[in-house]
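Student: Mind having a look at this structure? Questions to follow.
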Protein chains: 2
Amino acid sequence: MERKSAVRMEDVARLAGVSSITVSRVLNHPDKVAEGTRERVLAAVEATGYIPNSVAGSLASRRTRVIGALVPTITNSIFADTIDGMDDVLRPAGYQLLLGATGYSLDEESRLISAMLAQRPAGLLATGLQHQAQAYTLLRATEIPIVETWNVDGDPVDMAVGFSNFRACHAMVTCLAEQGARRIGFVSAPTTANDRAEQRLLGYRRAVRDLGLDADPALEREAKFSFHAGAERLLELLAARPDVEAIFFANDILALGALFECQRRGIRVPEDLAIAGFDDVELAAQVNPGLTTVRIPRYGIGRQAAHMILRRIEGGVVDPSVVDLGFEIVQRASTPAGSAAPA
Amino acid sequence: MERKSAVRMEDVARLAGVSSITVSRVLNHPDKVAEGTRERVLAAVEATGYIPNSVAGSLASRRTRVIGALVPTITNSIFADTIDGMDDVLRPAGYQLLLGATGYSLDEESRLISAMLAQRPAGLLATGLQHQAQAYTLLRATEIPIVETWNVDGDPVDMAVGFSNFRACHAMVTCLAEQGARRIGFVSAPTTANDRAEQRLLGYRRAVRDLGLDADPALEREAKFSFHAGAERLLELLAARPDVEAIFFANDILALGALFECQRRGIRVPEDLAIAGFDDVELAAQVNPGLTTVRIPRYGIGRQAAHMILRRIEGGVVDPSVVDLGFEIVQRASTPAGSAAPA
DNA sequence: CTGAAAGCGCTTACAG
DNA sequence: CTGAAAGCGCTTACAG
């Protein structure tokens with residue numbers, strides 16, 4: 001903040017021959033100022049290179065133009081898409097994004113929520129419905145609009161926008177079963193501190209039960225987010241259950257890692273093994289064979305969340321406060337063409 | 001900022017039986033307060049659920065704990081990696097990231113710089129060395145540390161960290177030539193408002209000249225950032241110059257799009273055509289054949305930039321102010337195994 | 001349409 | 001080790 005001989009509103013006012021209150025008006029409510037005055041002030045702003053100090057402005061007005069966004073990581077493109085969606089709505093409205101990456105740690109999330117609230121953001125976006133007790137205390141105590149994202153299977157602190165991870169996974173397993181598979185493996189993402197991953201796993205299990213499929217625990221694996229882990233789990237699963245007909249991976253990166261491993265080993269997809277993923281990243285449509293997956297509204301979640309926050313900032317009522325944006329099963333060549341008409 | 005009956009420092013002070021100045025000390029310079037006092041204050045903070053108002057704090061101290069980061073887009077994982085690197089250094093130091101996506105528009109960049117400076121960030125990261133005149137005026141007028149990234153071929157406003165896009169491309173073309181190719185195509189990213197892309201194109205052209213390769217303009221194409229565009233340019237280039245031996249794409253996404261297209265069309269890589277990319281995204285090592293590419297320090301750029309900013313905030317001298325983190329040619333199976341020992 | 005006064009909630013020297 | 005006073009640079013009612 002230390003700009004040498006920084007020009008303040010008062011300096012602009014003096015040059016324009018008005019009071020600083022008028023400068024403030026020109027900048028914030030230009031229509032409440034006479035045109036001639038406005039032009040003189042604007043000229044003075046230009047001449048001095050004045051940049052308003054929004055720290056002071058925010059303190060005086062008790063409102064900032066900053067929205068906090070908490071995501072597990074920004075290096076996973078799915079969250080980058082959500083942030084992109086937020087930004088596309090927020091930026092034109094004059095808001096800026098304060099970004100926080102929790103690294104899938106609820107401890108870190110709590111610390112970040114605290115640090116963000118200290119900045120008095122006008123709103124907050126969080127990922128998932130699962131938080132630490134301390135985080136809940138903070139979130140409930142604040143008056144600002146809060147949107148929890150990527151999950152609608154639970155009770156939000158305030159608002160939520162996302163889709164049902166549970167039903168999406170249930171639907172995909174149903175599809176695979178309709179295509180003839182009875183022995184369907186599932187490779188989960190780590191479920192610790194990740195309610196979305198947990199719901200996906202539960203959705204798989206429920207579908208297996210509902211459809212009377214093979215429920216062997218050996219068909220379930222867990223893998224960190226990487227191509228490599230997908231390939232590894234594929235091999236483990238094939239070793240443990242050589243008769244597995246399809247493997248459903250909790251995200252596309254795992255599924256693609258497995259698909260590439262199949263290419264290397266000459267395992268024919270889907271003839272020898274069907275593979276399905278989750279997320280519908282751009283790459284899923286590019287590989288050969290194309291990856292069957294679950295398309296989710298990554299970008300739309302960000303847009304919708306931003307709209308809900310803006311509406312509340314403007315004093316509006318947001319109803320419903322939980323928005324389910326749905327999902328879509330995308331059939332590609334990595335699974336046998338099915339008659340399924342899902343979701 | 002409107003927290004119902006928001007607790008202020010004064011409330012904490014009253015409960016702890018001290019002045020608010022002492023509360024401020026406990027929070028900012030805990031070692032300057034007697035232990036008993038400190039504990040009482042901390043207990044009062046806890047009891048009241050006090051969250052310091054850093055807007056007020058920043059105004060009074062004339063410093064924020066916010067660093068602005070301007071990138072073309074966050075949906076391209078290469079910039080996400082750089083932001084990740086920044087955040088990993090900045091977060092432990094108590095700084096938060098204010099994110100701005102310019103969408104590869106220098107106009108938008110100018111607006112964002114202005115908006116960010118209004119927040120009085122403690123430092124600023126920008127992408128590239130190319131900006132609008134207005135942006136230069138703003139950047140030069142401010143006293144805060146500024147790091148321009150992803151390019152060291154030019155004069156930074158303040159500090160810079162990156163690598164030479166020019167030399168990286170020159171080196172890759174040299175490698176391809178050493179492996180026997182004389183007719184090397186180049187698919188550039190759009191060079192408008194993108195000095196990194198421009199340097200890459202210039203590096204290609206210079207290498208073609210230096211090595212006396214086929215310099216046909218028909219060997220040069222431009223493509224937006226997508227798998228699809230990579231596939232398209234591949235086909236166009238093959239149609240225009242069926243004798244092309246190698247195609248060097250200005251980023252991995254284009255190269256991979258082309259590689260997938262080759263898979264679909266039965267074009268053998270590298271026997272029929274060698275393909276090289278730029279960035280070394282994780283996927284490059286996963287596909288079959290693996291993609292020869294240029295590895296660049298995406299994450300390291302963010303870390304280094306953050307360190308330089310922090311050092312300057314702390315009053316230190318940063319020398320040199322331009323840091324070239326280098327690049328590395330990664331030979332994989334998409335080009336004929338070469339004897340090249342580049343960079 | 002424009003301005004004087006008060007105040008936003010902190011931190012910074014300066015005392016003691 | 002602790003506190004009273006001043007001030008950071010704006011905006012908000014309230015007048016006129």
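Every chain in the structure tokens has a letter given in the order shown (A, B, ...), and although residue numbers restart at 1 in each chain, ligands are simply numbered from 1 in the order shown.
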Among segment 80-318 of chain A, which residues carry a DSSP assignment of strand (DSSP E), reported as a compact mmCIF listing (two decimals) with C-alpha atoms, in the first residue's frame?

Tutor:
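Result went into part-v9.txt, see below:
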# COMPACT_ATOMS: atom_id res chain seq x y z
CA GLN A 96 -12.65 -9.94 -7.46
CA LEU A 97 -11.79 -13.45 -6.41
CA LEU A 98 -9.77 -14.26 -3.34
CA LEU A 99 -8.55 -17.77 -3.93
CA GLY A 100 -7.82 -20.43 -1.35
CA ALA A 101 -6.61 -23.98 -1.96
CA GLY A 123 -19.51 -13.73 -0.12
CA LEU A 124 -17.87 -17.11 0.08
CA LEU A 125 -17.79 -20.23 -2.06
CA ALA A 126 -16.73 -23.50 -0.50
CA THR A 127 -16.34 -26.97 -1.98
CA ILE A 146 -22.18 -18.74 1.45
CA VAL A 147 -22.50 -21.30 -1.30
CA GLU A 148 -21.28 -24.83 -0.86
CA THR A 149 -20.64 -26.54 -4.17
CA MET A 159 -26.90 -22.21 -0.07
CA ALA A 160 -25.64 -25.04 -2.24
CA VAL A 161 -25.21 -25.73 -5.92
CA GLY A 162 -24.00 -28.92 -7.50
CA ILE A 184 -18.09 -54.18 -11.89
CA GLY A 185 -15.06 -52.82 -10.13
CA PHE A 186 -14.91 -49.36 -8.58
CA VAL A 187 -11.82 -47.26 -8.02
CA SER A 188 -12.65 -44.54 -5.53
CA GLU A 220 -13.27 -51.86 -4.63
CA ARG A 221 -10.03 -49.90 -4.67
CA GLU A 222 -8.89 -46.45 -3.68
CA ALA A 246 -16.02 -53.33 -16.20
CA ILE A 247 -14.19 -50.85 -14.01
CA PHE A 248 -15.74 -47.56 -13.01
CA PHE A 249 -13.24 -44.94 -11.89
CA ALA A 274 -15.09 -51.86 -20.14
CA ILE A 275 -13.83 -48.63 -18.59
CA ALA A 276 -15.83 -45.68 -17.34
CA THR A 293 -18.04 -40.93 -18.34
CA VAL A 294 -20.35 -38.72 -16.29
CA ARG A 295 -20.64 -35.17 -17.50

Student: If we count only C-alpha atoms (C1' of nucleotides), which residues of chain D reach to within 7 Å of chain B? Please list them as a list in words.

Tutor: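 Result, ordered by chain then number: DC1, DT2, DG3 and DC8 of chain D.
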
Student: Could you list the residues in chain A lying within 8 Å of chain B, using only C-alpha atoms, and format the result as a VMD selection string?

Tutor: chain A and resid 1 to 4 51 to 56 58 to 59 62 to 64 74 to 77 80 to 81 84 87 96 to 101 114 117 to 122 141 to 144 227 257 260 263 to 264 283 286 to 288

Student: Hey, what's within 9 Å of Ala240 of chain B if we count only C-alpha atoms (C1' of nucleotides) and toss same-chain stuff fewer than 5 positions away? As a count of residues only, please?

Tutor: 3

Student: Quick one, how far is atom CA of Ile329 of chain A from atom CA of Asp214 of chain A?

Tutor: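 Computed distance, atom CA of Ile329 of chain A to atom CA of Asp214 of chain A, equals 22.2 Å.
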
Student: Rounded to one decimal in Å, what is the spacing between atom CA of Lys224 of chain B and atom CA of Thr102 of chain B?

Tutor: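 So the answer is 15.9 Å.
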
Student: May I ask for the distance between atom CA of Ala258 of chain B and atom CA of Leu234 of chain B, given in Å to one decimal place?

Tutor: 5.8 Å

Student: Leaving out Ala13 of chain A and any residue of its chain fewer than 2 positions from it, which residues lie within 12 Å of it when counting only C-alpha atoms (C1' of nucleotides), given as a ChimeraX atom specification?

Tutor: /A:7-11,15-27,37-38,40-45,47-48,50 /C:3

Student: Write the selection just made, keeping N, CA and C atoms (P, O5', C5', C4', C3', O3' and C1' of nucleotides), as a compact mmCIF listing (two decimals), in the first residue's frame?

Tutor:
# COMPACT_ATOMS: atom_id res chain seq x y z
N VAL A 7 -1.31 9.65 -4.39
CA VAL A 7 -2.34 10.65 -4.52
C VAL A 7 -3.64 10.14 -3.89
N ARG A 8 -4.23 11.01 -3.09
CA ARG A 8 -5.47 10.66 -2.41
C ARG A 8 -6.65 11.42 -3.02
N MET A 9 -7.79 11.00 -2.57
CA MET A 9 -9.02 11.61 -3.08
C MET A 9 -8.98 13.13 -2.89
N GLU A 10 -8.42 13.53 -1.78
CA GLU A 10 -8.35 14.96 -1.46
C GLU A 10 -7.55 15.72 -2.53
N ASP A 11 -6.49 15.09 -3.01
CA ASP A 11 -5.66 15.74 -4.03
C ASP A 11 -6.44 15.93 -5.32
N LEU A 15 -7.60 19.61 -7.03
CA LEU A 15 -7.34 19.94 -8.43
C LEU A 15 -8.63 20.25 -9.19
N ALA A 16 -9.68 19.53 -8.83
CA ALA A 16 -10.95 19.73 -9.54
C ALA A 16 -11.75 20.88 -8.95
N GLY A 17 -11.29 21.39 -7.83
CA GLY A 17 -12.00 22.49 -7.20
C GLY A 17 -13.32 22.08 -6.56
N VAL A 18 -13.33 20.85 -6.03
CA VAL A 18 -14.54 20.38 -5.33
C VAL A 18 -14.11 19.76 -4.01
N SER A 19 -15.07 19.27 -3.27
CA SER A 19 -14.73 18.57 -2.03
C SER A 19 -14.50 17.09 -2.36
N SER A 20 -13.85 16.38 -1.46
CA SER A 20 -13.57 14.97 -1.76
C SER A 20 -14.86 14.15 -1.77
N ILE A 21 -15.83 14.64 -1.08
CA ILE A 21 -17.10 13.94 -1.09
C ILE A 21 -17.67 13.88 -2.51
N THR A 22 -17.43 14.93 -3.25
CA THR A 22 -17.91 14.96 -4.63
C THR A 22 -17.10 14.01 -5.51
N VAL A 23 -15.82 13.93 -5.24
CA VAL A 23 -15.00 12.97 -5.97
C VAL A 23 -15.52 11.56 -5.72
N SER A 24 -15.80 11.30 -4.48
CA SER A 24 -16.33 9.98 -4.11
C SER A 24 -17.62 9.70 -4.89
N ARG A 25 -18.46 10.69 -4.96
CA ARG A 25 -19.72 10.50 -5.70
C ARG A 25 -19.48 10.23 -7.19
N VAL A 26 -18.60 10.98 -7.75
CA VAL A 26 -18.31 10.79 -9.18
C VAL A 26 -17.88 9.35 -9.43
N LEU A 27 -17.08 8.84 -8.50
CA LEU A 27 -16.55 7.49 -8.68
C LEU A 27 -17.59 6.41 -8.38
N THR A 37 -19.39 19.10 -13.36
CA THR A 37 -18.58 18.72 -12.21
C THR A 37 -17.92 17.36 -12.46
N ARG A 38 -18.74 16.46 -12.93
CA ARG A 38 -18.26 15.10 -13.15
C ARG A 38 -17.06 15.10 -14.10
N ARG A 40 -15.02 17.51 -14.77
CA ARG A 40 -13.85 18.13 -14.16
C ARG A 40 -13.15 17.15 -13.22
N VAL A 41 -13.97 16.44 -12.46
CA VAL A 41 -13.40 15.47 -11.51
C VAL A 41 -12.68 14.35 -12.26
N LEU A 42 -13.35 13.85 -13.29
CA LEU A 42 -12.75 12.76 -14.07
C LEU A 42 -11.41 13.21 -14.68
N ALA A 43 -11.39 14.45 -15.13
CA ALA A 43 -10.15 14.98 -15.70
C ALA A 43 -9.06 15.03 -14.63
N ALA A 44 -9.45 15.39 -13.43
CA ALA A 44 -8.48 15.48 -12.34
C ALA A 44 -7.98 14.09 -11.94
N VAL A 45 -8.90 13.12 -11.98
CA VAL A 45 -8.52 11.73 -11.70
C VAL A 45 -7.46 11.29 -12.71
N ALA A 47 -5.55 13.19 -14.61
CA ALA A 47 -4.32 14.00 -14.53
C ALA A 47 -3.42 13.54 -13.38
N THR A 48 -4.04 13.15 -12.28
CA THR A 48 -3.24 12.76 -11.11
C THR A 48 -2.88 11.28 -11.12
N TYR A 50 -4.91 9.04 -10.22
CA TYR A 50 -5.49 8.58 -8.95
C TYR A 50 -6.07 7.17 -9.05
P DG C 3 -18.49 21.01 -3.26
O5' DG C 3 -18.85 20.99 -1.70
C5' DG C 3 -19.43 22.16 -1.13
C4' DG C 3 -19.65 21.95 0.35
C3' DG C 3 -18.45 21.36 1.10
O3' DG C 3 -18.38 21.98 2.37
C1' DG C 3 -20.31 19.95 1.39
